[in-house]
>>> print(open('upload28.cif').read())   # mmCIF, C-alpha atoms and all ligand atoms
data_query
#
loop_
_atom_site.group_PDB
_atom_site.id
_atom_site.type_symbol
_atom_site.label_atom_id
_atom_site.label_comp_id
_atom_site.auth_asym_id
_atom_site.auth_seq_id
_atom_site.Cartn_x
_atom_site.Cartn_y
_atom_site.Cartn_z
ATOM 1 C CA MET N 1 6.822 20.413 -61.973
ATOM 2 C CA LYS N 2 7.680 24.007 -61.063
ATOM 3 C CA VAL N 3 4.063 25.045 -61.723
ATOM 4 C CA ILE N 4 2.661 22.233 -59.577
ATOM 5 C CA ARG N 5 5.043 23.177 -56.761
ATOM 6 C CA TRP N 6 3.973 26.810 -57.073
ATOM 7 C CA ILE N 7 0.265 25.874 -56.934
ATOM 8 C CA LEU N 8 0.817 23.586 -53.925
ATOM 9 C CA GLY N 9 2.706 26.399 -52.219
ATOM 10 C CA ARG N 10 -0.247 28.787 -52.722
ATOM 11 C CA VAL N 11 -2.668 26.159 -51.370
ATOM 12 C CA ILE N 12 -0.488 25.728 -48.276
ATOM 13 C CA LEU N 13 -0.377 29.500 -47.730
ATOM 14 C CA LEU N 14 -4.132 29.792 -48.178
ATOM 15 C CA LEU N 15 -4.888 26.957 -45.733
ATOM 16 C CA ASN N 16 -2.400 28.441 -43.289
ATOM 17 C CA ALA N 17 -4.139 31.812 -43.469
ATOM 18 C CA LEU N 18 -7.611 30.260 -43.138
ATOM 19 C CA PHE N 19 -6.721 28.020 -40.207
ATOM 20 C CA SER N 20 -4.282 30.218 -38.376
ATOM 21 C CA PRO N 21 -3.569 28.902 -34.840
ATOM 22 C CA LYS N 22 -4.500 30.891 -31.729
ATOM 23 C CA SER N 23 -1.650 32.505 -29.814
ATOM 24 C CA VAL N 24 -1.142 31.934 -26.096
ATOM 25 C CA LYS N 25 -1.753 34.981 -23.931
ATOM 26 C CA ARG N 26 0.766 36.221 -21.382
ATOM 27 C CA SER N 27 1.026 39.120 -19.007
ATOM 28 C CA GLU N 28 2.604 42.229 -20.519
ATOM 29 C CA LEU N 29 5.767 41.687 -18.492
ATOM 30 C CA GLU N 30 6.121 38.020 -19.455
ATOM 31 C CA GLN N 31 5.540 38.826 -23.121
ATOM 32 C CA LYS N 32 8.126 41.618 -23.013
ATOM 33 C CA GLU N 33 10.749 39.195 -21.657
ATOM 34 C CA ILE N 34 9.915 36.714 -24.405
ATOM 35 C CA ASP N 35 9.990 39.407 -27.100
ATOM 36 C CA ASP N 36 13.451 40.492 -25.944
ATOM 37 C CA ALA N 37 14.754 36.913 -26.040
ATOM 38 C CA VAL N 38 13.201 36.214 -29.453
ATOM 39 C CA ALA N 39 14.907 39.307 -30.880
ATOM 40 C CA GLN N 40 18.114 37.215 -30.847
ATOM 41 C CA ILE N 41 16.546 34.523 -33.049
ATOM 42 C CA HIS N 42 15.891 34.543 -36.810
ATOM 43 C CA LEU N 43 14.159 32.033 -39.023
ATOM 44 C CA TYR N 44 15.713 31.530 -42.469
ATOM 45 C CA GLN N 45 12.901 30.255 -44.616
ATOM 46 C CA PHE N 46 10.894 30.203 -47.830
ATOM 47 C CA ASP N 47 7.341 31.566 -47.687
ATOM 48 C CA ALA N 48 5.561 28.540 -49.123
ATOM 49 C CA CYS N 49 7.794 25.738 -47.820
ATOM 50 C CA PRO N 50 5.549 23.389 -45.789
ATOM 51 C CA PHE N 51 8.257 22.770 -43.172
ATOM 52 C CA CYS N 52 8.681 26.535 -42.744
ATOM 53 C CA VAL N 53 4.915 27.016 -42.462
ATOM 54 C CA LYS N 54 4.907 24.362 -39.717
ATOM 55 C CA VAL N 55 7.579 26.299 -37.781
ATOM 56 C CA ARG N 56 5.831 29.648 -38.298
ATOM 57 C CA ARG N 57 2.577 28.137 -37.006
ATOM 58 C CA ALA N 58 4.362 26.871 -33.887
ATOM 59 C CA ALA N 59 5.832 30.358 -33.359
ATOM 60 C CA LYS N 60 2.364 31.874 -33.765
ATOM 61 C CA ARG N 61 0.894 29.390 -31.254
ATOM 62 C CA LEU N 62 3.637 30.307 -28.786
ATOM 63 C CA ASN N 63 3.110 34.018 -29.507
ATOM 64 C CA LEU N 64 6.730 34.554 -30.543
ATOM 65 C CA PRO N 65 7.505 37.572 -32.746
ATOM 66 C CA LEU N 66 9.965 35.474 -34.743
ATOM 67 C CA ALA N 67 11.692 37.496 -37.463
ATOM 68 C CA THR N 68 11.995 35.706 -40.793
ATOM 69 C CA ARG N 69 14.651 35.963 -43.478
ATOM 70 C CA ASP N 70 13.714 34.930 -46.982
ATOM 71 C CA ALA N 71 16.464 32.559 -48.081
ATOM 72 C CA LYS N 72 15.495 33.181 -51.725
ATOM 73 C CA GLN N 73 17.082 36.617 -51.369
ATOM 74 C CA ALA N 74 20.776 36.438 -52.238
ATOM 75 C CA GLN N 75 21.943 38.160 -49.054
ATOM 76 C CA TRP N 76 20.153 35.790 -46.669
ATOM 77 C CA GLU N 77 20.837 32.760 -48.819
ATOM 78 C CA GLN N 78 24.561 33.444 -48.651
ATOM 79 C CA GLU N 79 24.424 34.096 -44.928
ATOM 80 C CA LEU N 80 22.585 30.799 -44.431
ATOM 81 C CA ILE N 81 25.127 28.832 -46.465
ATOM 82 C CA ASN N 82 28.107 30.517 -44.815
ATOM 83 C CA GLY N 83 26.721 30.229 -41.293
ATOM 84 C CA GLY N 84 24.707 27.019 -41.303
ATOM 85 C CA GLY N 85 26.578 25.165 -44.003
ATOM 86 C CA HIS N 86 23.610 24.206 -46.211
ATOM 87 C CA ARG N 87 21.030 25.877 -48.445
ATOM 88 C CA LYS N 88 18.163 24.240 -46.624
ATOM 89 C CA VAL N 89 15.191 25.743 -44.826
ATOM 90 C CA PRO N 90 13.840 26.130 -42.246
ATOM 91 C CA CYS N 91 16.926 27.038 -40.276
ATOM 92 C CA LEU N 92 16.944 28.893 -36.986
ATOM 93 C CA ARG N 93 19.810 31.248 -36.225
ATOM 94 C CA ILE N 94 20.116 31.527 -32.457
ATOM 95 C CA GLU N 95 22.442 34.142 -31.015
ATOM 96 C CA GLY N 96 23.457 33.617 -27.403
ATOM 97 C CA ASN N 97 24.091 36.428 -24.918
ATOM 98 C CA ASN N 98 27.817 35.829 -25.314
ATOM 99 C CA GLY N 99 27.514 36.434 -29.077
ATOM 100 C CA GLU N 100 27.893 32.739 -29.924
ATOM 101 C CA VAL N 101 25.710 31.702 -32.859
ATOM 102 C CA GLU N 102 23.988 28.342 -33.366
ATOM 103 C CA TRP N 103 22.331 27.319 -36.650
ATOM 104 C CA MET N 104 19.560 24.775 -36.193
ATOM 105 C CA TYR N 105 18.070 22.824 -39.125
ATOM 106 C CA GLU N 106 15.080 20.425 -39.151
ATOM 107 C CA SER N 107 11.584 21.750 -38.484
ATOM 108 C CA ASN N 108 10.863 19.235 -35.712
ATOM 109 C CA ASP N 109 14.069 20.111 -33.855
ATOM 110 C CA ILE N 110 13.309 23.827 -34.226
ATOM 111 C CA ILE N 111 9.774 23.418 -32.900
ATOM 112 C CA SER N 112 10.994 21.315 -29.945
ATOM 113 C CA TYR N 113 13.572 23.987 -29.152
ATOM 114 C CA LEU N 114 10.998 26.805 -29.271
ATOM 115 C CA GLU N 115 8.538 24.846 -27.141
ATOM 116 C CA LYS N 116 11.158 23.906 -24.582
ATOM 117 C CA ARG N 117 12.439 27.463 -24.294
ATOM 118 C CA PHE N 118 9.232 29.501 -24.567
ATOM 119 C CA ALA N 119 6.155 27.363 -23.804
HETATM 120 N N1 LIG S 201 13.414 17.462 -42.979
HETATM 121 C C1 LIG S 201 13.523 18.867 -43.244
HETATM 122 C C2 LIG S 201 13.065 19.137 -44.666
HETATM 123 C C3 LIG S 201 13.385 20.551 -45.124
HETATM 124 C C4 LIG S 201 13.302 20.698 -46.652
HETATM 125 O O1 LIG S 201 13.193 19.741 -47.389
HETATM 126 N N2 LIG S 201 13.346 21.964 -47.095
HETATM 127 C C5 LIG S 201 13.371 22.249 -48.501
HETATM 128 C C6 LIG S 201 12.358 23.344 -48.835
HETATM 129 S S1 LIG S 201 10.694 22.846 -48.557
HETATM 130 C C7 LIG S 201 14.727 22.794 -48.873
HETATM 131 O O2 LIG S 201 15.294 23.607 -48.167
HETATM 132 N N3 LIG S 201 15.277 22.355 -50.010
HETATM 133 C C8 LIG S 201 16.550 22.848 -50.489
HETATM 134 C C9 LIG S 201 16.414 23.850 -51.586
HETATM 135 O O3 LIG S 201 15.289 24.175 -51.982
HETATM 136 O O4 LIG S 201 17.455 24.338 -52.065
HETATM 137 C C10 LIG S 201 12.710 19.644 -42.213
HETATM 138 O O5 LIG S 201 11.771 19.076 -41.628
HETATM 139 O O6 LIG S 201 13.047 20.809 -41.933
#
>>> encode(input="upload28.cif", output="structure tokens", more="lines below")
Ligand SMILES: N[C@@H](CCC(=O)N[C@@H](CS)C(=O)NCC(=O)O)C(=O)O
Amino acid sequence: MKVIRWILGRVILLLNALFSPKSVKRSELEQKEIDDAVAQIHLYQFDACPFCVKVRRAAKRLNLPLATRDAKQAQWEQELINGGGHRKVPCLRIEGNNGEVEWMYESNDIISYLEKRFA
């Protein structure tokens, strides 16, 4: 089962690399504003998780330099569990300007949030 999951994961990564979505283009100024805002957001994820790939593809389409944190690494895994409450990925950690932190699970909710805020 573990081997099949591993193989499926590699296939997903390969297809993702082969059919990488195009990124939207913005003016330098617009992109700089977006980059600054995205610096407050982190995606807790696994590399080959299909739901995480879906979110990363949406971020690529929207041209968001979304930083990822591998939740298989003990440090990020613990942070995810402590902050979000579950060991489940993808999860978006959103830090507001006031320092308030929101943890958002569910790939579809994350994609809707990114599209609403950055499209
Ligand atoms: N409905 C969720 C499904 C997420 C999901 O099932 N993630 C798996 C990885 S692909 C997970 O985190 N499982 C818990 C674990 O592996 O500990 C979504 O769309 O985000």
>>> resolve_selection(input="upload28.cif", expression="the PyMOL selection byres (((chain N and resi 66-74) around 9) and not hetatm)", output="PyMOL selection string")
chain N and resi 35+38-39+41-47+56+59-60+63-65+75-80+87-89
>>> write_last_selection(input="upload28.cif", atoms="C-alpha atoms", output="short mmCIF file (atom, residue, chain, number, x, y, z; two decimals), in the frame of the given file")
data_model
loop_
_atom_site.label_atom_id
_atom_site.label_comp_id
_atom_site.auth_asym_id
_atom_site.auth_seq_id
_atom_site.Cartn_x
_atom_site.Cartn_y
_atom_site.Cartn_z
CA ASP N 35 9.99 39.41 -27.10
CA VAL N 38 13.20 36.21 -29.45
CA ALA N 39 14.91 39.31 -30.88
CA ILE N 41 16.55 34.52 -33.05
CA HIS N 42 15.89 34.54 -36.81
CA LEU N 43 14.16 32.03 -39.02
CA TYR N 44 15.71 31.53 -42.47
CA GLN N 45 12.90 30.26 -44.62
CA PHE N 46 10.89 30.20 -47.83
CA ASP N 47 7.34 31.57 -47.69
CA ARG N 56 5.83 29.65 -38.30
CA ALA N 59 5.83 30.36 -33.36
CA LYS N 60 2.36 31.87 -33.76
CA ASN N 63 3.11 34.02 -29.51
CA LEU N 64 6.73 34.55 -30.54
CA PRO N 65 7.50 37.57 -32.75
CA GLN N 75 21.94 38.16 -49.05
CA TRP N 76 20.15 35.79 -46.67
CA GLU N 77 20.84 32.76 -48.82
CA GLN N 78 24.56 33.44 -48.65
CA GLU N 79 24.42 34.10 -44.93
CA LEU N 80 22.58 30.80 -44.43
CA ARG N 87 21.03 25.88 -48.44
CA LYS N 88 18.16 24.24 -46.62
CA VAL N 89 15.19 25.74 -44.83
#
>>> atom_distance(input="upload28.cif", atom1="atom CA of Gln31 of chain N", atom2="atom CA of Phe118 of chain N")
10.1 Å
>>> closest_residue(input="upload28.cif", among="N:Ile7, N:Leu92, N:Leu29, N:Ile34", to="Ser107 of chain N", atoms="all atoms listed in the file")
N:Leu92
>>> axis_aligned_box(input="upload28.cif", around="ligand LIG 201 (chain S)", padding_each_side="6 Å", output="AutoDock Vina command-line options")
--center_x 14.1 --center_y 20.9 --center_z -46.8 --size_x 18.8 --size_y 18.9 --size_z 22.4
>>> closest_residue(input="upload28.cif", among="N:Pro21, N:Gly85, N:Pro50, N:Gly99", to="ligand LIG 201 (chain S)", atoms="only C-alpha atoms and all ligand atoms")
N:Pro50
>>> closest_residue(input="upload28.cif", among="N:Leu62, N:Cys91, N:Leu8, N:Ile81", to="Ala119 of chain N", atoms="all atoms listed in the file")
N:Leu62
>>> build_atoms(input="upload28.cif", residues="segment 74-85 of chain N", atoms="all heavy atoms", output="compact mmCIF listing (two decimals), in the frame of the given file")
# COMPACT_ATOMS: atom_id res chain seq x y z
N ALA N 74 19.35 36.80 -52.17
CA ALA N 74 20.78 36.44 -52.24
C ALA N 74 21.52 36.68 -50.92
O ALA N 74 22.31 35.84 -50.47
CB ALA N 74 21.44 37.21 -53.37
N GLN N 75 21.22 37.80 -50.29
CA GLN N 75 21.94 38.16 -49.05
C GLN N 75 21.73 37.12 -47.95
O GLN N 75 22.67 36.64 -47.32
CB GLN N 75 21.44 39.53 -48.58
CG GLN N 75 22.04 39.98 -47.29
CD GLN N 75 21.24 41.14 -46.68
OE1 GLN N 75 20.26 41.63 -47.25
NE2 GLN N 75 21.65 41.58 -45.51
N TRP N 76 20.46 36.74 -47.75
CA TRP N 76 20.15 35.79 -46.67
C TRP N 76 20.56 34.37 -47.06
O TRP N 76 20.97 33.59 -46.21
CB TRP N 76 18.67 35.85 -46.30
CG TRP N 76 18.18 37.21 -45.92
CD1 TRP N 76 17.08 37.84 -46.41
CD2 TRP N 76 18.76 38.12 -44.97
NE1 TRP N 76 16.95 39.08 -45.83
CE2 TRP N 76 17.96 39.28 -44.95
CE3 TRP N 76 19.90 38.08 -44.16
CZ2 TRP N 76 18.24 40.38 -44.14
CZ3 TRP N 76 20.19 39.18 -43.34
CH2 TRP N 76 19.37 40.30 -43.35
N GLU N 77 20.43 34.09 -48.34
CA GLU N 77 20.84 32.76 -48.82
C GLU N 77 22.33 32.54 -48.54
O GLU N 77 22.74 31.51 -48.02
CB GLU N 77 20.55 32.66 -50.32
CG GLU N 77 20.95 31.32 -50.90
CD GLU N 77 20.79 31.28 -52.41
OE1 GLU N 77 20.76 32.35 -53.05
OE2 GLU N 77 20.70 30.17 -52.94
N GLN N 78 23.11 33.54 -48.86
CA GLN N 78 24.56 33.44 -48.65
C GLN N 78 24.89 33.34 -47.17
O GLN N 78 25.74 32.55 -46.76
CB GLN N 78 25.25 34.68 -49.28
CG GLN N 78 26.67 34.43 -49.72
CD GLN N 78 26.83 33.14 -50.53
OE1 GLN N 78 26.18 32.95 -51.54
NE2 GLN N 78 27.68 32.22 -50.04
N GLU N 79 24.19 34.13 -46.37
CA GLU N 79 24.42 34.10 -44.93
C GLU N 79 24.09 32.71 -44.36
O GLU N 79 24.81 32.18 -43.51
CB GLU N 79 23.54 35.16 -44.27
CG GLU N 79 24.16 35.74 -43.01
CD GLU N 79 23.33 36.88 -42.47
OE1 GLU N 79 23.57 38.02 -42.92
OE2 GLU N 79 22.46 36.64 -41.63
N LEU N 80 23.00 32.14 -44.87
CA LEU N 80 22.58 30.80 -44.43
C LEU N 80 23.65 29.76 -44.79
O LEU N 80 24.04 28.93 -43.95
CB LEU N 80 21.25 30.45 -45.10
CG LEU N 80 20.71 29.03 -44.89
CD1 LEU N 80 20.37 28.78 -43.43
CD2 LEU N 80 19.47 28.80 -45.75
N ILE N 81 24.12 29.81 -46.02
CA ILE N 81 25.13 28.83 -46.46
C ILE N 81 26.43 29.01 -45.68
O ILE N 81 27.02 28.04 -45.19
CB ILE N 81 25.37 28.97 -47.99
CG1 ILE N 81 24.10 28.59 -48.75
CG2 ILE N 81 26.54 28.09 -48.42
CD1 ILE N 81 24.12 28.96 -50.22
N ASN N 82 26.84 30.26 -45.53
CA ASN N 82 28.11 30.52 -44.82
C ASN N 82 28.00 30.13 -43.34
O ASN N 82 28.93 29.55 -42.78
CB ASN N 82 28.48 32.01 -44.89
CG ASN N 82 28.86 32.43 -46.29
OD1 ASN N 82 29.12 31.59 -47.14
ND2 ASN N 82 28.85 33.73 -46.55
N GLY N 83 26.86 30.47 -42.74
CA GLY N 83 26.72 30.23 -41.29
C GLY N 83 26.32 28.81 -40.97
O GLY N 83 26.93 28.13 -40.15
N GLY N 84 25.26 28.34 -41.64
CA GLY N 84 24.71 27.02 -41.30
C GLY N 84 25.38 25.89 -42.05
O GLY N 84 25.39 24.75 -41.58
N GLY N 85 25.88 26.19 -43.24
CA GLY N 85 26.58 25.16 -44.00
C GLY N 85 25.76 24.55 -45.12
O GLY N 85 26.30 23.86 -45.97
